[in-house]
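Source file: data.pdb (PDB, C-alpha atoms)
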```
ATOM      1  CA  MET N 160       0.000   0.000   0.000
ATOM      2  CA  SER N 161       1.231   3.490  -0.814
ATOM      3  CA  PHE N 162       0.209   7.035  -1.509
ATOM      4  CA  THR N 163       0.999   8.927  -4.689
ATOM      5  CA  LEU N 164       1.017  12.684  -4.934
ATOM      6  CA  ARG N 165       0.683  14.911  -7.991
ATOM      7  CA  LYS N 166      -0.603  18.376  -8.682
ATOM      8  CA  ASP N 167      -2.955  19.752 -11.278
ATOM      9  CA  ASP N 168      -1.263  23.085 -11.855
ATOM     10  CA  ALA N 169      -4.110  24.553 -13.873
ATOM     11  CA  LYS N 170      -6.517  24.297 -10.988
ATOM     12  CA  GLY N 171      -4.000  24.259  -8.161
ATOM     13  CA  VAL N 172      -5.339  20.952  -6.861
ATOM     14  CA  VAL N 173      -3.241  18.309  -5.140
ATOM     15  CA  ILE N 174      -4.308  14.776  -6.009
ATOM     16  CA  ILE N 175      -3.394  12.036  -3.581
ATOM     17  CA  GLY N 176      -3.819   8.483  -4.817
ATOM     18  CA  VAL N 177      -4.394   5.692  -2.304
ATOM     19  CA  ASP N 178      -2.976   2.450  -3.680
ATOM     20  CA  GLY N 179      -4.102  -0.588  -1.719
ATOM     21  CA  GLN N 180      -5.910   0.358   1.447
ATOM     22  CA  LEU N 181      -6.393   3.178   3.893
ATOM     23  CA  ILE N 182      -6.352   1.515   7.293
ATOM     24  CA  VAL N 183      -5.181   1.839  10.858
ATOM     25  CA  GLY N 184      -1.647   0.894   9.864
ATOM     26  CA  ASN N 185      -1.079   3.618   7.279
ATOM     27  CA  ARG N 186      -3.512   6.439   8.021
ATOM     28  CA  HIS N 187      -0.736   8.512   9.626
ATOM     29  CA  ASP N 188       1.181   8.395   6.345
ATOM     30  CA  LEU N 189      -1.754   9.979   4.525
ATOM     31  CA  LYS N 190      -2.092  12.593   7.241
ATOM     32  CA  SER N 191       1.623  13.420   7.003
ATOM     33  CA  LYS N 192       1.475  13.854   3.237
ATOM     34  CA  VAL N 193      -1.505  16.170   3.398
ATOM     35  CA  MET N 194      -0.091  18.213   6.280
ATOM     36  CA  GLU N 195       3.208  18.636   4.412
ATOM     37  CA  SER N 196       1.291  19.929   1.402
ATOM     38  CA  MET N 197      -0.710  22.301   3.569
ATOM     39  CA  ASP N 198       2.493  23.601   5.128
ATOM     40  CA  ALA N 199       3.701  24.263   1.578
ATOM     41  CA  GLY N 200       0.624  26.400   0.956
ATOM     42  CA  GLU N 201      -1.721  23.954  -0.732
ATOM     43  CA  SER N 202      -5.418  24.099   0.120
ATOM     44  CA  LYS N 203      -7.300  22.102  -2.525
ATOM     45  CA  PHE N 204      -7.144  18.352  -2.296
ATOM     46  CA  VAL N 205      -8.629  15.380  -4.111
ATOM     47  CA  VAL N 206      -8.152  11.913  -2.646
ATOM     48  CA  ASP N 207      -8.312   9.361  -5.452
ATOM     49  CA  PHE N 208      -9.591   5.932  -4.400
ATOM     50  CA  ALA N 209      -9.649   4.360  -7.863
ATOM     51  CA  ASN N 210      -6.938   1.882  -6.808
ATOM     52  CA  THR N 211      -8.095   1.396  -3.240
ATOM     53  CA  GLY N 212      -9.209  -2.009  -2.021
ATOM     54  CA  TYR N 213     -10.693  -1.040   1.285
ATOM     55  CA  ILE N 214     -10.889   1.562   3.992
ATOM     56  CA  ASP N 215     -11.386   0.827   7.658
ATOM     57  CA  SER N 216     -12.914   3.050  10.309
ATOM     58  CA  SER N 217      -9.501   4.533  11.115
ATOM     59  CA  GLY N 218      -9.159   5.491   7.484
ATOM     60  CA  LEU N 219     -12.559   7.134   7.583
ATOM     61  CA  GLY N 220     -11.503   8.965  10.720
ATOM     62  CA  VAL N 221      -8.346  10.398   9.212
ATOM     63  CA  LEU N 222     -10.354  11.700   6.253
ATOM     64  CA  VAL N 223     -12.738  13.419   8.676
ATOM     65  CA  SER N 224      -9.826  14.930  10.568
ATOM     66  CA  LEU N 225      -8.114  16.147   7.414
ATOM     67  CA  ALA N 226     -11.296  17.607   5.949
ATOM     68  CA  LYS N 227     -11.834  19.630   9.111
ATOM     69  CA  LYS N 228      -8.276  21.014   9.088
ATOM     70  CA  ILE N 229      -8.368  21.819   5.389
ATOM     71  CA  ARG N 230     -11.732  23.531   5.537
ATOM     72  CA  GLU N 231     -10.721  25.558   8.602
ATOM     73  CA  SER N 232      -7.860  26.848   6.457
ATOM     74  CA  GLY N 233     -10.222  27.898   3.716
ATOM     75  CA  GLY N 234      -9.627  24.947   1.423
ATOM     76  CA  ASP N 235     -11.497  21.761   0.628
ATOM     77  CA  LEU N 236     -11.052  18.006   0.327
ATOM     78  CA  VAL N 237     -13.011  16.017  -2.253
ATOM     79  CA  LEU N 238     -13.116  12.256  -2.627
ATOM     80  CA  ALA N 239     -13.039  10.523  -6.002
ATOM     81  CA  GLY N 240     -13.130   7.073  -7.558
ATOM     82  CA  LEU N 241     -14.826   5.165  -4.756
ATOM     83  CA  ASN N 242     -16.032   1.732  -5.847
ATOM     84  CA  GLU N 243     -19.408   0.392  -4.785
ATOM     85  CA  ASP N 244     -18.090  -1.209  -1.599
ATOM     86  CA  LEU N 245     -16.201   1.838  -0.442
ATOM     87  CA  ARG N 246     -19.070   4.112  -1.305
ATOM     88  CA  SER N 247     -21.332   2.033   0.901
ATOM     89  CA  LEU N 248     -18.987   2.553   3.873
ATOM     90  CA  PHE N 249     -19.497   6.293   3.560
ATOM     91  CA  GLU N 250     -23.247   5.854   3.195
ATOM     92  CA  LEU N 251     -23.533   3.494   6.166
ATOM     93  CA  THR N 252     -21.649   5.908   8.409
ATOM     94  CA  LYS N 253     -23.425   8.936   6.891
ATOM     95  CA  LEU N 254     -20.052  10.392   5.998
ATOM     96  CA  ASP N 255     -21.402  10.923   2.488
ATOM     97  CA  THR N 256     -23.061  13.997   4.025
ATOM     98  CA  LEU N 257     -19.685  15.346   5.077
ATOM     99  CA  PHE N 258     -17.753  14.873   1.865
ATOM    100  CA  ALA N 259     -18.280  15.722  -1.780
ATOM    101  CA  ILE N 260     -17.814  12.388  -3.559
ATOM    102  CA  LYS N 261     -17.144  12.390  -7.291
ATOM    103  CA  ALA N 262     -16.968   9.502  -9.742
ATOM    104  CA  SER N 263     -13.554  10.470 -11.085
ATOM    105  CA  THR N 264     -10.560  12.613 -10.305
ATOM    106  CA  GLU N 265     -11.256  14.720 -13.366
ATOM    107  CA  GLU N 266     -14.745  15.496 -12.152
ATOM    108  CA  ALA N 267     -13.426  16.318  -8.697
ATOM    109  CA  ILE N 268     -10.767  18.692 -10.058
ATOM    110  CA  SER N 269     -13.187  20.455 -12.356
ATOM    111  CA  GLY N 270     -15.407  21.210  -9.381
ATOM    112  CA  PHE N 271     -12.821  23.460  -7.764
TER     113      PHE N 271
ATOM    114  CA  MET V  30     -23.029 -14.866   0.195
ATOM    115  CA  SER V  31     -22.862 -17.746  -2.321
ATOM    116  CA  GLY V  32     -20.201 -18.935  -4.736
ATOM    117  CA  PRO V  33     -19.092 -22.060  -6.632
ATOM    118  CA  ALA V  34     -18.379 -25.303  -4.715
ATOM    119  CA  ARG V  35     -18.900 -24.881  -0.974
ATOM    120  CA  ARG V  36     -16.441 -26.316   1.498
ATOM    121  CA  ARG V  37     -16.452 -26.249   5.263
ATOM    122  CA  VAL V  38     -13.442 -24.549   6.738
ATOM    123  CA  GLU V  39     -12.197 -23.874  10.228
ATOM    124  CA  ILE V  40      -9.322 -21.515  10.832
ATOM    125  CA  GLY V  41      -7.672 -20.550  14.099
ATOM    126  CA  LEU V  42      -5.143 -17.737  14.366
ATOM    127  CA  ARG V  43      -3.268 -16.330  17.316
ATOM    128  CA  VAL V  44      -1.969 -12.895  16.423
ATOM    129  CA  PRO V  45       0.292 -10.548  18.362
ATOM    130  CA  THR V  46      -0.929  -7.200  19.591
ATOM    131  CA  ASP V  47       0.492  -5.346  16.628
ATOM    132  CA  LEU V  48      -1.517  -3.295  14.157
ATOM    133  CA  ASP V  49       0.936  -4.190  11.412
ATOM    134  CA  VAL V  50      -0.345  -7.771  11.354
ATOM    135  CA  VAL V  51      -4.000  -6.866  10.801
ATOM    136  CA  GLU V  52      -3.764  -6.657   7.026
ATOM    137  CA  GLU V  53      -1.997  -9.997   6.678
ATOM    138  CA  ALA V  54      -4.386 -11.791   9.018
ATOM    139  CA  VAL V  55      -7.418 -10.387   7.204
ATOM    140  CA  ASP V  56      -5.959 -11.305   3.796
ATOM    141  CA  LEU V  57      -5.330 -14.869   4.933
ATOM    142  CA  ILE V  58      -8.848 -15.377   6.174
ATOM    143  CA  ALA V  59     -10.463 -13.675   3.189
ATOM    144  CA  ARG V  60      -8.519 -15.980   0.839
ATOM    145  CA  HIS V  61      -9.684 -19.061   2.707
ATOM    146  CA  CYS V  62     -13.251 -17.835   2.630
ATOM    147  CA  VAL V  63     -13.100 -17.466  -1.139
ATOM    148  CA  ALA V  64     -11.487 -20.904  -1.451
ATOM    149  CA  SER V  65     -14.360 -22.385   0.533
ATOM    150  CA  GLY V  66     -16.887 -20.940  -1.877
ATOM    151  CA  VAL V  67     -17.848 -17.705  -0.127
ATOM    152  CA  ALA V  68     -18.733 -15.166  -2.809
ATOM    153  CA  PRO V  69     -15.672 -13.020  -3.533
ATOM    154  CA  ARG V  70     -17.467  -9.774  -2.892
ATOM    155  CA  ALA V  71     -18.724 -10.966   0.497
ATOM    156  CA  ALA V  72     -15.271 -12.186   1.445
ATOM    157  CA  ARG V  73     -13.677  -9.024   0.131
ATOM    158  CA  PHE V  74     -16.100  -6.667   1.791
ATOM    159  CA  GLN V  75     -18.264  -7.974   4.642
ATOM    160  CA  VAL V  76     -15.831 -10.456   6.133
ATOM    161  CA  ARG V  77     -12.793  -8.308   5.492
ATOM    162  CA  VAL V  78     -14.189  -5.098   6.946
ATOM    163  CA  ALA V  79     -15.824  -6.776   9.956
ATOM    164  CA  LEU V  80     -12.693  -8.736  10.807
ATOM    165  CA  CYS V  81     -10.410  -5.757  10.257
ATOM    166  CA  GLU V  82     -12.480  -3.646  12.632
ATOM    167  CA  ALA V  83     -12.739  -6.358  15.262
ATOM    168  CA  LEU V  84      -9.011  -7.046  15.172
ATOM    169  CA  ALA V  85      -8.072  -3.379  15.370
ATOM    170  CA  ASN V  86     -10.444  -2.894  18.308
ATOM    171  CA  ALA V  87      -9.011  -5.922  20.090
ATOM    172  CA  ILE V  88      -5.475  -4.676  19.611
ATOM    173  CA  VAL V  89      -6.040  -1.010  20.416
ATOM    174  CA  TYR V  90      -8.881  -0.974  22.935
ATOM    175  CA  GLY V  91      -8.862  -4.535  24.237
ATOM    176  CA  ASN V  92      -5.184  -5.259  24.676
ATOM    177  CA  LYS V  93      -4.285  -1.542  24.779
ATOM    178  CA  LEU V  94      -1.365  -2.161  22.416
ATOM    179  CA  ASP V  95       0.351  -4.287  25.055
ATOM    180  CA  PRO V  96       2.835  -6.425  23.080
ATOM    181  CA  THR V  97       2.766  -9.118  25.747
ATOM    182  CA  LYS V  98      -0.866  -9.856  24.948
ATOM    183  CA  ARG V  99      -2.370 -11.773  22.047
ATOM    184  CA  VAL V 100      -5.599 -11.858  20.072
ATOM    185  CA  ASP V 101      -7.272 -15.123  19.101
ATOM    186  CA  VAL V 102      -9.258 -15.315  15.874
ATOM    187  CA  SER V 103     -11.439 -18.259  14.918
ATOM    188  CA  VAL V 104     -13.344 -18.615  11.679
ATOM    189  CA  GLN V 105     -15.861 -21.294  10.731
ATOM    190  CA  VAL V 106     -17.357 -21.488   7.278
ATOM    191  CA  ASP V 107     -20.171 -23.958   6.691
ATOM    192  CA  ASP V 108     -22.996 -24.278   4.220
ATOM    193  CA  THR V 109     -25.045 -21.480   5.694
ATOM    194  CA  VAL V 110     -22.844 -19.010   7.551
ATOM    195  CA  VAL V 111     -19.427 -17.498   7.985
ATOM    196  CA  ARG V 112     -18.721 -17.120  11.688
ATOM    197  CA  VAL V 113     -15.797 -15.003  12.836
ATOM    198  CA  CYS V 114     -14.846 -14.636  16.485
ATOM    199  CA  VAL V 115     -12.156 -12.379  17.916
ATOM    200  CA  GLU V 116     -11.042 -12.509  21.533
ATOM    201  CA  ASP V 117      -8.505 -10.276  23.252
ATOM    202  CA  GLN V 118      -6.917 -10.483  26.695
ATOM    203  CA  GLY V 119      -8.249  -7.193  27.931
ATOM    204  CA  ASP V 120     -10.718  -6.373  30.687
ATOM    205  CA  GLY V 121     -13.644  -6.103  28.285
ATOM    206  CA  PHE V 122     -16.171  -3.360  27.699
ATOM    207  CA  ASP V 123     -19.918  -2.827  27.617
ATOM    208  CA  PRO V 124     -20.974  -2.743  23.951
ATOM    209  CA  ALA V 125     -24.299  -1.179  24.949
ATOM    210  CA  VAL V 126     -22.653   2.124  25.866
ATOM    211  CA  VAL V 127     -20.879   2.709  22.562
ATOM    212  CA  PRO V 128     -22.463   5.838  21.042
ATOM    213  CA  ASP V 129     -23.938   5.949  17.543
ATOM    214  CA  PRO V 130     -21.398   7.637  15.281
ATOM    215  CA  THR V 131     -24.130   8.724  12.873
ATOM    216  CA  ASP V 132     -25.706  11.001  15.482
ATOM    217  CA  PRO V 133     -25.411  14.579  14.193
ATOM    218  CA  GLY V 134     -23.334  15.560  17.203
ATOM    219  CA  ARG V 135     -20.824  12.767  16.538
ATOM    220  CA  ILE V 136     -20.642  12.720  12.763
ATOM    221  CA  GLU V 137     -17.390  14.697  12.785
ATOM    222  CA  ALA V 138     -15.750  12.492  15.389
ATOM    223  CA  VAL V 139     -12.468  10.975  14.293
ATOM    224  CA  ASP V 140     -13.082   7.572  15.836
ATOM    225  CA  GLY V 141     -15.892   5.395  17.120
ATOM    226  CA  ARG V 142     -17.099   3.804  13.872
ATOM    227  CA  GLY V 143     -15.587   0.328  14.105
ATOM    228  CA  LEU V 144     -18.273  -1.461  16.105
ATOM    229  CA  PHE V 145     -20.959   0.396  14.198
ATOM    230  CA  LEU V 146     -19.596  -0.937  10.887
ATOM    231  CA  ILE V 147     -19.449  -4.455  12.285
ATOM    232  CA  ARG V 148     -23.092  -4.230  13.310
ATOM    233  CA  GLN V 149     -24.058  -2.922   9.878
ATOM    234  CA  LEU V 150     -22.207  -5.610   7.920
ATOM    235  CA  ALA V 151     -22.740  -8.724  10.023
ATOM    236  CA  ASP V 152     -26.125 -10.403  10.245
ATOM    237  CA  GLU V 153     -25.628 -11.206  13.921
ATOM    238  CA  VAL V 154     -23.149  -9.926  16.489
ATOM    239  CA  TYR V 155     -22.552 -11.426  19.914
ATOM    240  CA  HIS V 156     -20.311 -10.408  22.792
ATOM    241  CA  ASN V 157     -19.350 -12.526  25.769
ATOM    242  CA  ASP V 158     -20.293 -11.336  29.256
ATOM    243  CA  GLN V 159     -16.875  -9.898  29.966
ATOM    244  CA  GLY V 160     -16.880  -7.963  26.715
ATOM    245  CA  ASN V 161     -13.493  -9.112  25.477
ATOM    246  CA  SER V 162     -14.817 -11.369  22.750
ATOM    247  CA  ILE V 163     -16.966 -10.658  19.713
ATOM    248  CA  CYS V 164     -18.535 -13.142  17.320
ATOM    249  CA  MET V 165     -19.850 -11.983  13.974
ATOM    250  CA  ILE V 166     -22.088 -14.131  11.811
ATOM    251  CA  MET V 167     -22.617 -13.486   8.138
ATOM    252  CA  ARG V 168     -25.232 -15.656   6.454
ATOM    253  CA  ARG V 169     -24.460 -17.157   3.086
ATOM    254  CA  ALA V 170     -27.093 -16.842   0.363
TER     255      ALA V 170
END
```
Starting from the file, give its structure as structure tokens.
Amino acid sequence: MSFTLRKDDAKGVVIIGVDGQLIVGNRHDLKSKVMESMDAGESKFVVDFANTGYIDSSGLGVLVSLAKKIRESGGDLVLAGLNEDLRSLFELTKLDTLFAIKASTEEAISGF
Amino acid sequence: MSGPARRRVEIGLRVPTDLDVVEEAVDLIARHCVASGVAPRAARFQVRVALCEALANAIVYGNKLDPTKRVDVSVQVDDTVVRVCVEDQGDGFDPAVVPDPTDPGRIEAVDGRGLFLIRQLADEVYHNDQGNSICMIMRRA
């Protein structure tokens, strides 16, 4: 499992790809990457789950924590590429009311 | 939760109190579930998520990350159900007092969703009296 980072310069959006899973064992890595980007002045984020197998409740929690920090700084965090299973986790926990969830990274970026 | 040929399987695992082993333990059990005819999606999603949450809870809240303690996992797959039990060596807790993370006042909480997800994904959930063991039953179609 790993995280990839790239930037869409046209829109000034940082895209973080989650390869594998977002779980209790690696959630701090995601948090570190986002916080580093925020320290560098970034405020628009898309988390791309197109290559993500599963997310546990710790993974959901770190997304909640990051969204709060980013929004308090005037930015936003959008989720993209969730498969049916992962989407249902957000629906079950009602976290789909907290996040904008887009079908693709492109759609998420264009929304900024 | 159906698939091709159905086999009965029993698996017992003793895992250390180490969050780094959760993924491997869950992968192992999910693979055996698929091999025993559990539908891949059910094994990939319901069993995987429920077991992952139960293991993480046992390690973090049950055994309080004490490396001298262990977590026991048992899995039985038969023609009608997948039964997964996780027991830690902690003092236990009262599952009745765990708050609902979907309450508006808790929706932005960082934690507290693990047991809720287990209850949503498993057909039946049982705890022992002490509260240091959970059994989750997922019915096969």
* To do: Check the smallest atom-to-atom distance from each of N:Ala169, N:Ile260, N:Val221, N:Ile268 to Phe204 of chain N using all atoms listed in the file, then report the winner.
  =>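 That would be N:Ile268, the residue with the smallest distance to Phe204 of chain N.
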* segment 176-182 of chain N surroundings by only C-alpha atoms, 6 Å radius, close-in-sequence under 4 positions cut, as a ChimeraX atom specification -> /N:160-163,186,206-208,210-215,217-218
* Return as a list in words the residues belonging to chain N that are within 9 Å of chain V, counting all atoms listed in the file. =>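 So the residues of chain N near chain V are Ile182, Val183, Gly184, Gly212, Tyr213, Ile214, Asp215, Ser216, Ser217, Leu219, Gly220, Val221, Leu222, Val223, Ser224, Lys227, Asp244, Leu245, Leu248, Leu251, Thr252, Lys253, Leu254 and Leu257 of chain N.
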* To do: Determine, counting only C-alpha atoms, which protein, DNA and RNA residues have an atom within 10 Å of an atom of Pro124 of chain V; residues of the same chain fewer than 2 positions away are not included. Present the result as JSON, numbers by chain.
  => {"V": [121, 122, 126, 127, 128, 144, 155, 156, 160, 161, 163]}
Can those selected residues be exported to a file as a CSV table (one decimal), in the coordinates of the input so that it contains C-alpha atoms?
```
chain,number,residue,atom,x,y,z
V,121,GLY,CA,-13.6,-6.1,28.3
V,122,PHE,CA,-16.2,-3.4,27.7
V,126,VAL,CA,-22.7,2.1,25.9
V,127,VAL,CA,-20.9,2.7,22.6
V,128,PRO,CA,-22.5,5.8,21.0
V,144,LEU,CA,-18.3,-1.5,16.1
V,155,TYR,CA,-22.6,-11.4,19.9
V,156,HIS,CA,-20.3,-10.4,22.8
V,160,GLY,CA,-16.9,-8.0,26.7
V,161,ASN,CA,-13.5,-9.1,25.5
V,163,ILE,CA,-17.0,-10.7,19.7
```
* Using only C-alpha atoms, which of the listed residues (V:Val154, V:Ala170, V:Val113, V:Leu42) sits closest to Arg99 of chain V? -> V:Leu42
